[in-house]
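S.K.: One file is attached below, work07.pdb, containing PDB, C-alpha atoms.
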ATOM      1  CA  MET A 871      18.773  60.259  24.433
ATOM      2  CA  ALA A 872      18.824  57.137  22.311
ATOM      3  CA  GLY A 873      16.050  56.989  19.794
ATOM      4  CA  ARG A 874      15.884  60.696  19.092
ATOM      5  CA  LEU A 875      19.583  61.323  18.569
ATOM      6  CA  VAL A 876      22.194  59.364  16.647
ATOM      7  CA  GLY A 877      25.866  60.146  17.125
ATOM      8  CA  LEU A 878      28.402  60.160  14.314
ATOM      9  CA  SER A 879      32.164  60.504  14.579
ATOM     10  CA  MET A 880      34.006  62.298  11.780
ATOM     11  CA  MET A 881      37.420  61.212  13.025
ATOM     12  CA  GLY A 882      39.800  60.331  10.216
ATOM     13  CA  LEU A 883      37.319  60.946   7.409
ATOM     14  CA  THR A 884      37.802  62.978   4.263
ATOM     15  CA  PRO A 885      35.269  65.758   3.607
ATOM     16  CA  GLU A 886      33.622  63.531   0.993
ATOM     17  CA  ASP A 887      33.370  60.639   3.446
ATOM     18  CA  ILE A 888      31.900  62.907   6.112
ATOM     19  CA  GLU A 889      29.162  63.996   3.748
ATOM     20  CA  THR A 890      28.535  60.403   2.681
ATOM     21  CA  ALA A 891      28.310  59.257   6.305
ATOM     22  CA  ILE A 892      25.806  61.964   7.201
ATOM     23  CA  ARG A 893      23.709  61.286   4.108
ATOM     24  CA  ALA A 894      23.678  57.567   4.855
ATOM     25  CA  GLU A 895      22.540  58.158   8.425
ATOM     26  CA  LEU A 896      19.824  60.577   7.308
ATOM     27  CA  ALA A 897      18.583  58.018   4.796
ATOM     28  CA  ARG A 898      18.681  55.243   7.367
ATOM     29  CA  THR A 899      16.873  57.154  10.110
ATOM     30  CA  GLY A 900      14.696  59.578   8.158
ATOM     31  CA  ALA A 901      16.019  62.390  10.349
ATOM     32  CA  HIS A 902      15.561  66.016   9.298
ATOM     33  CA  VAL A 903      17.788  67.776  11.810
ATOM     34  CA  ILE A 904      21.581  67.758  11.892
ATOM     35  CA  PHE A 905      23.449  68.967  14.968
ATOM     36  CA  THR A 906      27.135  69.805  14.678
ATOM     37  CA  ASP A 907      29.750  71.229  17.010
ATOM     38  CA  LEU A 908      31.893  73.997  15.549
ATOM     39  CA  PRO A 909      30.299  76.329  13.002
ATOM     40  CA  ALA A 910      33.644  76.184  11.179
ATOM     41  CA  GLY A 911      33.980  72.420  11.531
ATOM     42  CA  SER A 912      34.155  69.934   8.703
ATOM     43  CA  ALA A 913      30.907  68.282   9.809
ATOM     44  CA  THR A 914      29.137  71.630   9.609
ATOM     45  CA  LEU A 915      30.489  72.290   6.137
ATOM     46  CA  ALA A 916      29.319  68.868   4.963
ATOM     47  CA  ALA A 917      25.911  69.389   6.554
ATOM     48  CA  ARG A 918      25.550  72.773   4.868
ATOM     49  CA  ARG A 919      25.982  71.078   1.499
ATOM     50  CA  ILE A 920      23.171  68.677   2.398
ATOM     51  CA  VAL A 921      20.851  71.416   3.642
ATOM     52  CA  LYS A 922      21.466  73.379   0.459
ATOM     53  CA  GLU A 923      19.944  70.553  -1.553
ATOM     54  CA  ASP A 924      17.044  69.674   0.718
ATOM     55  CA  SER A 925      14.731  72.342   2.076
ATOM     56  CA  SER A 926      13.284  69.910   4.624
ATOM     57  CA  MET A 927      16.608  69.650   6.435
ATOM     58  CA  VAL A 928      17.649  71.861   9.340
ATOM     59  CA  LEU A 929      21.193  72.328  10.609
ATOM     60  CA  VAL A 930      22.047  73.543  14.098
ATOM     61  CA  SER A 931      25.752  74.169  14.668
ATOM     62  CA  GLY A 932      27.596  75.121  17.829
ATOM     63  CA  VAL A 933      25.514  72.744  19.940
ATOM     64  CA  ASN A 934      25.950  72.111  23.611
ATOM     65  CA  LEU A 935      24.285  69.640  25.951
ATOM     66  CA  ALA A 936      21.471  72.069  26.748
ATOM     67  CA  THR A 937      20.629  72.218  23.038
ATOM     68  CA  LEU A 938      20.475  68.471  22.683
ATOM     69  CA  LEU A 939      18.456  67.922  25.856
ATOM     70  CA  ASP A 940      15.891  70.509  24.831
ATOM     71  CA  PHE A 941      15.531  68.863  21.432
ATOM     72  CA  VAL A 942      15.212  65.365  22.810
ATOM     73  CA  PHE A 943      12.444  66.233  25.218
ATOM     74  CA  ASN A 944      10.551  68.598  22.933
ATOM     75  CA  THR A 945       8.444  66.013  21.157
ATOM     76  CA  ALA A 946       5.244  68.031  20.865
ATOM     77  CA  VAL A 947       6.353  70.057  17.850
ATOM     78  CA  SER A 948       7.892  69.268  14.467
ATOM     79  CA  PRO A 949      11.598  68.425  14.365
ATOM     80  CA  SER A 950      12.438  71.718  12.687
ATOM     81  CA  GLU A 951      10.514  73.704  15.313
ATOM     82  CA  ALA A 952      12.158  71.671  18.046
ATOM     83  CA  ALA A 953      15.547  72.422  16.493
ATOM     84  CA  ARG A 954      14.898  76.175  16.534
ATOM     85  CA  SER A 955      13.726  76.030  20.122
ATOM     86  CA  ALA A 956      16.734  73.935  21.098
ATOM     87  CA  ALA A 957      19.125  76.414  19.503
ATOM     88  CA  GLU A 958      17.598  79.245  21.543
ATOM     89  CA  ARG A 959      17.835  77.167  24.714
ATOM     90  CA  GLY A 960      21.470  76.352  23.947
ATOM     91  CA  LYS A 961      22.356  80.010  23.455
ATOM     92  CA  ALA A 962      20.577  80.994  26.654
ATOM     93  CA  SER A 963      22.413  78.313  28.623
ATOM     94  CA  LEU A 964      25.795  79.949  28.062
ATOM     95  CA  ILE A 965      26.511  82.001  31.115
ATOM     96  CA  VAL A 966      29.626  83.258  32.799
ATOM     97  CA  VAL A 967      29.828  82.871  36.552
ATOM     98  CA  GLU A 968      32.459  84.899  38.380
ATOM     99  CA  ARG A 969      33.130  85.433  42.011
ATOM    100  CA  SER A 970      31.514  88.745  42.919
TER     101      SER A 970
ATOM    102  CA  MET B1043      54.549  88.950   9.295
ATOM    103  CA  GLY B1044      53.060  87.351   6.178
ATOM    104  CA  ILE B1045      52.363  83.643   5.881
ATOM    105  CA  HIS B1046      53.322  81.737   9.031
ATOM    106  CA  LEU B1047      52.008  78.341   8.018
ATOM    107  CA  TYR B1048      51.728  76.505   4.716
ATOM    108  CA  ARG B1049      49.402  73.585   5.349
ATOM    109  CA  ILE B1050      48.069  70.674   3.325
ATOM    110  CA  ASP B1051      44.688  69.697   4.708
ATOM    111  CA  ASP B1052      41.937  67.984   2.747
ATOM    112  CA  ARG B1053      39.310  69.411   5.104
ATOM    113  CA  LEU B1054      40.577  72.866   4.131
ATOM    114  CA  ILE B1055      39.058  75.232   6.714
ATOM    115  CA  HIS B1056      37.858  73.618   9.914
ATOM    116  CA  GLY B1057      38.256  73.850  13.674
ATOM    117  CA  GLN B1058      41.806  72.560  13.775
ATOM    118  CA  VAL B1059      42.879  75.322  11.403
ATOM    119  CA  VAL B1060      40.751  78.217  12.610
ATOM    120  CA  VAL B1061      41.047  77.523  16.333
ATOM    121  CA  GLY B1062      43.943  75.065  16.706
ATOM    122  CA  TRP B1063      46.428  77.003  14.571
ATOM    123  CA  GLY B1064      44.702  80.315  14.057
ATOM    124  CA  GLN B1065      44.663  81.292  17.709
ATOM    125  CA  PRO B1066      48.283  80.540  18.687
ATOM    126  CA  LEU B1067      49.545  82.104  15.475
ATOM    127  CA  ASN B1068      47.177  85.042  15.944
ATOM    128  CA  ALA B1069      46.281  84.526  12.279
ATOM    129  CA  ARG B1070      44.385  87.400  10.743
ATOM    130  CA  PHE B1071      44.007  86.050   7.244
ATOM    131  CA  LEU B1072      43.670  82.715   5.457
ATOM    132  CA  ILE B1073      44.462  81.927   1.866
ATOM    133  CA  LEU B1074      42.570  78.927   0.585
ATOM    134  CA  VAL B1075      44.336  77.588  -2.499
ATOM    135  CA  ASP B1076      42.054  75.214  -4.309
ATOM    136  CA  ASP B1077      41.142  75.245  -7.992
ATOM    137  CA  LEU B1078      37.661  73.864  -7.407
ATOM    138  CA  VAL B1079      36.689  76.170  -4.548
ATOM    139  CA  ALA B1080      38.120  79.194  -6.347
ATOM    140  CA  SER B1081      35.840  78.496  -9.314
ATOM    141  CA  SER B1082      32.602  78.266  -7.307
ATOM    142  CA  ASP B1083      30.858  81.207  -5.653
ATOM    143  CA  TRP B1084      28.805  78.852  -3.500
ATOM    144  CA  GLU B1085      31.885  77.012  -2.222
ATOM    145  CA  LYS B1086      33.592  80.290  -1.460
ATOM    146  CA  GLU B1087      30.590  81.494   0.503
ATOM    147  CA  LEU B1088      30.498  78.192   2.385
ATOM    148  CA  TYR B1089      34.082  78.584   3.550
ATOM    149  CA  ARG B1090      33.730  82.313   4.134
ATOM    150  CA  MET B1091      30.986  81.604   6.665
ATOM    151  CA  ALA B1092      33.297  79.185   8.492
ATOM    152  CA  VAL B1093      35.824  81.889   9.254
ATOM    153  CA  PRO B1094      35.532  84.118  12.335
ATOM    154  CA  PRO B1095      34.919  87.818  11.709
ATOM    155  CA  GLU B1096      38.404  88.835  12.794
ATOM    156  CA  MET B1097      39.954  86.804   9.971
ATOM    157  CA  ASP B1098      39.995  87.694   6.289
ATOM    158  CA  ILE B1099      39.855  84.907   3.774
ATOM    159  CA  TYR B1100      41.207  84.965   0.247
ATOM    160  CA  PHE B1101      40.461  82.345  -2.385
ATOM    161  CA  ALA B1102      42.844  81.482  -5.159
ATOM    162  CA  ASP B1103      43.459  78.764  -7.682
ATOM    163  CA  VAL B1104      47.066  77.620  -7.788
ATOM    164  CA  ALA B1105      48.030  79.888 -10.681
ATOM    165  CA  THR B1106      46.584  82.930  -8.930
ATOM    166  CA  ALA B1107      48.275  81.976  -5.658
ATOM    167  CA  VAL B1108      51.631  81.796  -7.447
ATOM    168  CA  ARG B1109      50.998  85.200  -9.017
ATOM    169  CA  ASP B1110      49.834  86.852  -5.786
ATOM    170  CA  HIS B1111      52.132  85.118  -3.313
ATOM    171  CA  ALA B1112      54.453  88.095  -2.897
ATOM    172  CA  ARG B1113      51.475  90.244  -1.919
ATOM    173  CA  TYR B1114      50.278  87.690   0.654
ATOM    174  CA  ALA B1115      53.788  87.352   2.063
ATOM    175  CA  ALA B1116      54.136  91.123   2.414
ATOM    176  CA  ASP B1117      50.944  91.410   4.454
ATOM    177  CA  PRO B1118      51.816  92.926   7.858
ATOM    178  CA  ARG B1119      49.410  90.505   9.574
ATOM    179  CA  PRO B1120      50.127  86.824  10.281
ATOM    180  CA  GLY B1121      48.392  84.453   7.894
ATOM    181  CA  ILE B1122      47.902  80.799   7.009
ATOM    182  CA  LEU B1123      47.900  79.294   3.516
ATOM    183  CA  ILE B1124      45.953  76.065   3.040
ATOM    184  CA  ALA B1125      45.956  73.714   0.089
ATOM    185  CA  GLY B1126      43.673  70.703  -0.093
ATOM    186  CA  ASP B1127      46.155  68.245  -1.573
ATOM    187  CA  THR B1128      49.823  67.591  -2.173
ATOM    188  CA  GLU B1129      49.489  68.255  -5.884
ATOM    189  CA  SER B1130      48.299  71.849  -5.334
ATOM    190  CA  MET B1131      51.068  72.555  -2.818
ATOM    191  CA  HIS B1132      53.623  70.943  -5.136
ATOM    192  CA  ARG B1133      52.543  73.205  -8.016
ATOM    193  CA  LEU B1134      52.505  76.241  -5.729
ATOM    194  CA  ALA B1135      56.005  75.551  -4.412
ATOM    195  CA  LYS B1136      57.290  75.107  -7.953
ATOM    196  CA  GLY B1137      56.091  78.590  -8.794
ATOM    197  CA  VAL B1138      57.025  80.229  -5.494
ATOM    198  CA  LYS B1139      60.558  79.805  -4.289
ATOM    199  CA  ALA B1140      59.935  81.561  -0.970
ATOM    200  CA  ILE B1141      58.176  78.652   0.748
ATOM    201  CA  GLY B1142      60.484  77.360   3.473
ATOM    202  CA  SER B1143      58.313  74.735   5.100
ATOM    203  CA  VAL B1144      55.100  72.815   4.543
ATOM    204  CA  ASN B1145      52.891  71.281   7.211
ATOM    205  CA  LEU B1146      50.976  68.058   6.556
ATOM    206  CA  GLY B1147      47.860  68.661   8.586
ATOM    207  CA  GLY B1148      45.375  66.117   7.335
ATOM    208  CA  ILE B1149      45.312  63.847   4.308
ATOM    209  CA  HIS B1150      42.743  61.218   5.105
ATOM    210  CA  HIS B1151      42.061  57.716   3.934
ATOM    211  CA  ARG B1152      41.038  57.156   0.358
ATOM    212  CA  ALA B1153      41.403  54.206  -2.017
ATOM    213  CA  GLY B1154      45.032  53.817  -3.073
ATOM    214  CA  ARG B1155      46.450  55.628  -0.084
ATOM    215  CA  THR B1156      48.580  54.003   2.599
ATOM    216  CA  GLU B1157      48.439  55.077   6.225
ATOM    217  CA  ARG B1158      51.606  56.849   7.321
ATOM    218  CA  LEU B1159      50.278  58.580  10.392
ATOM    219  CA  ARG B1160      46.847  58.594  12.004
ATOM    220  CA  TYR B1161      45.991  61.678   9.953
ATOM    221  CA  VAL B1162      48.264  61.203   6.930
ATOM    222  CA  PHE B1163      47.483  58.706   4.182
ATOM    223  CA  LEU B1164      49.418  58.918   0.918
ATOM    224  CA  THR B1165      49.438  57.415  -2.556
ATOM    225  CA  PRO B1166      52.848  56.672  -4.123
ATOM    226  CA  SER B1167      52.386  59.705  -6.346
ATOM    227  CA  GLU B1168      51.654  61.967  -3.356
ATOM    228  CA  GLU B1169      54.728  60.604  -1.586
ATOM    229  CA  GLN B1170      56.803  61.418  -4.638
ATOM    230  CA  GLN B1171      55.464  64.976  -4.718
ATOM    231  CA  LEU B1172      56.384  65.457  -1.063
ATOM    232  CA  ARG B1173      59.851  64.019  -1.641
ATOM    233  CA  GLU B1174      60.309  66.447  -4.521
ATOM    234  CA  LEU B1175      59.169  69.307  -2.336
ATOM    235  CA  GLU B1176      61.755  68.424   0.269
ATOM    236  CA  ALA B1177      64.469  67.895  -2.351
ATOM    237  CA  SER B1178      63.791  71.419  -3.575
ATOM    238  CA  GLY B1179      64.639  72.797  -0.141
ATOM    239  CA  VAL B1180      61.203  72.896   1.477
ATOM    240  CA  GLU B1181      61.064  71.354   4.935
ATOM    241  CA  VAL B1182      58.072  68.995   5.109
ATOM    242  CA  THR B1183      56.722  67.876   8.466
ATOM    243  CA  ALA B1184      53.463  66.372   9.683
ATOM    244  CA  GLN B1185      51.742  68.015  12.633
ATOM    245  CA  ASP B1186      47.988  68.108  13.010
ATOM    246  CA  VAL B1187      47.868  70.531  15.958
ATOM    247  CA  PRO B1188      50.479  72.890  17.431
ATOM    248  CA  SER B1189      50.819  70.849  20.624
ATOM    249  CA  ALA B1190      51.840  67.731  18.675
ATOM    250  CA  ARG B1191      55.381  66.907  17.619
ATOM    251  CA  ALA B1192      56.350  67.935  14.094
ATOM    252  CA  VAL B1193      57.202  64.620  12.411
ATOM    253  CA  PRO B1194      59.837  64.954   9.657
ATOM    254  CA  LEU B1195      58.859  63.641   6.226
ATOM    255  CA  ALA B1196      61.470  60.861   6.304
ATOM    256  CA  GLU B1197      59.935  59.569   9.498
ATOM    257  CA  VAL B1198      56.421  59.886   8.102
ATOM    258  CA  LEU B1199      57.383  57.777   5.119
ATOM    259  CA  GLU B1200      59.344  55.201   7.102
ATOM    260  CA  GLY B1201      56.563  52.820   7.863
ATOM    261  CA  GLN B1202      52.898  52.020   7.605
ATOM    262  CA  SER B1203      50.198  52.388  10.222
ATOM    263  CA  LYS B1204      52.315  54.165  12.803
TER     264      LYS B1204
END
For this file, produce the structure as structure tokens.
M.R.:
Amino acid sequence: MAGRLVGLSMMGLTPEDIETAIRAELARTGAHVIFTDLPAGSATLAARRIVKEDSSMVLVSGVNLATLLDFVFNTAVSPSEAARSAAERGKASLIVVERS
Amino acid sequence: MGIHLYRIDDRLIHGQVVVGWGQPLNARFLILVDDLVASSDWEKELYRMAVPPEMDIYFADVATAVRDHARYAADPRPGILIAGDTESMHRLAKGVKAIGSVNLGGIHHRAGRTERLRYVFLTPSEEQQLRELEASGVEVTAQDVPSARAVPLAEVLEGQSK
């Protein structure tokens, strides 16, 4: 997935440092999509502050591997469209399998 | 019921609080005590959206939290009170004598702070505030998640980079 996704760890960072780290990576890569894990997580909160200021940015929280894979391989559309599609794919990938 | 956990956490509301502590405590409300957040509608909305629907969230600056503490404590549901820094919790505990214990959940690295635990970094002034809290009868321990050991303040302050 290298090239289309960049990973960032928020371990041990203050909320201010998390926001700074994300902003620095966005500036470095020119990315317009931020993926985060928990909707209530500190990375999500920092990303929401960034999205508030920049209408070209898209945030997808609650991601799973299906979300990321769909985004990585969906290169035919804009990043924001790919993000929306990936979010739908991620939601649809959550299934419960029980012994019948 | 009332407030089951008084926590200092500079990330305020995040997964460790909502899921890590909220679920085992069956928390049904959060009180976010932070002067800055309490003064901003946008900040309040930001944190409100981070809380699951089964939890209520109340915002208060320190003065309001002191005033309303008895009401929070009388709530029949279990709750969690979070302050973003030692100074806010210190002021709160000065005004509220009913706080029996304070949890250091996350005070991260910043210039002037020394590492005490992986998730606790303190300036001399913050250390002093915690010592004063404990001297006033409040038990202070560090514990990021419920499954971790609660580390007493004396042990937290014993050495660097533990």
S.K.: Taking (14.7, 73.4, 24.6) in the file's coordinates as the center, which residues reach within 9 Å of it, counting all atoms listed in the file, put as a PyMOL selection string?
M.R.: chain A and resi 936-944+952-960
S.K.: Select all residues from chain A having any atom no more than 10 Å from an atom of chain B (counting only C-alpha atoms, ignoring ligands), output as a compact mmCIF listing (two decimals) with C-alpha atoms, in the coordinates of the input.
M.R.:
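The file below, selection_8.txt, is the result:
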# COMPACT_ATOMS: atom_id res chain seq x y z
CA MET A 881 37.42 61.21 13.02
CA GLY A 882 39.80 60.33 10.22
CA LEU A 883 37.32 60.95 7.41
CA THR A 884 37.80 62.98 4.26
CA PRO A 885 35.27 65.76 3.61
CA GLU A 886 33.62 63.53 0.99
CA ASP A 887 33.37 60.64 3.45
CA ILE A 888 31.90 62.91 6.11
CA ASP A 907 29.75 71.23 17.01
CA LEU A 908 31.89 74.00 15.55
CA PRO A 909 30.30 76.33 13.00
CA ALA A 910 33.64 76.18 11.18
CA GLY A 911 33.98 72.42 11.53
CA SER A 912 34.16 69.93 8.70
CA ALA A 913 30.91 68.28 9.81
CA THR A 914 29.14 71.63 9.61
CA LEU A 915 30.49 72.29 6.14
CA ALA A 916 29.32 68.87 4.96
CA ARG A 918 25.55 72.77 4.87
CA ARG A 919 25.98 71.08 1.50
CA LYS A 922 21.47 73.38 0.46
S.K.: Which residue gives the smallest distance to A:Ala891 among A:Val947, A:Leu878, A:Ala962, A:Val903, with only C-alpha atoms counted?
M.R.: A:Leu878
S.K.: Just how far from atom CA of B:Leu1199 is atom CA of B:Thr1165, in Å to one decimal?
M.R.: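 Calculated distance between atom CA of B:Thr1165 and atom CA of B:Leu1199 is 11.1 Å.
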S.K.: Step by step, work through what the PyMOL selection byres ((chain A and resi 905) around 6) selects in the shown file, and finish by giving those residues as a PyMOL selection string.
M.R.: chain A and resi 904+906+929-931
S.K.: What does the distance from atom CA of B:Ala1080 to atom CA of B:Leu1047 come to in Å, to one decimal?
M.R.: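 Straight-line distance from atom CA of B:Ala1080 to atom CA of B:Leu1047 works out to 20.0 Å.
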S.K.: Evaluate the PyMOL selection byres ((chain B and resi 1122-1138) around 6) on the structure here and hand back the selected residues as a PyMOL selection string.
M.R.: chain B and resi 1045-1052+1054+1072-1075+1104+1108+1121+1139-1140
S.K.: Please produce a file of the residues just selected, as a compact mmCIF listing (two decimals), in the frame of the given file, where the atoms kept are C-alpha atoms.
M.R.:
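Output file result22.txt follows:
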# COMPACT_ATOMS: atom_id res chain seq x y z
CA ILE B 1045 52.36 83.64 5.88
CA HIS B 1046 53.32 81.74 9.03
CA LEU B 1047 52.01 78.34 8.02
CA TYR B 1048 51.73 76.50 4.72
CA ARG B 1049 49.40 73.58 5.35
CA ILE B 1050 48.07 70.67 3.32
CA ASP B 1051 44.69 69.70 4.71
CA ASP B 1052 41.94 67.98 2.75
CA LEU B 1054 40.58 72.87 4.13
CA LEU B 1072 43.67 82.72 5.46
CA ILE B 1073 44.46 81.93 1.87
CA LEU B 1074 42.57 78.93 0.58
CA VAL B 1075 44.34 77.59 -2.50
CA VAL B 1104 47.07 77.62 -7.79
CA VAL B 1108 51.63 81.80 -7.45
CA GLY B 1121 48.39 84.45 7.89
CA LYS B 1139 60.56 79.81 -4.29
CA ALA B 1140 59.94 81.56 -0.97
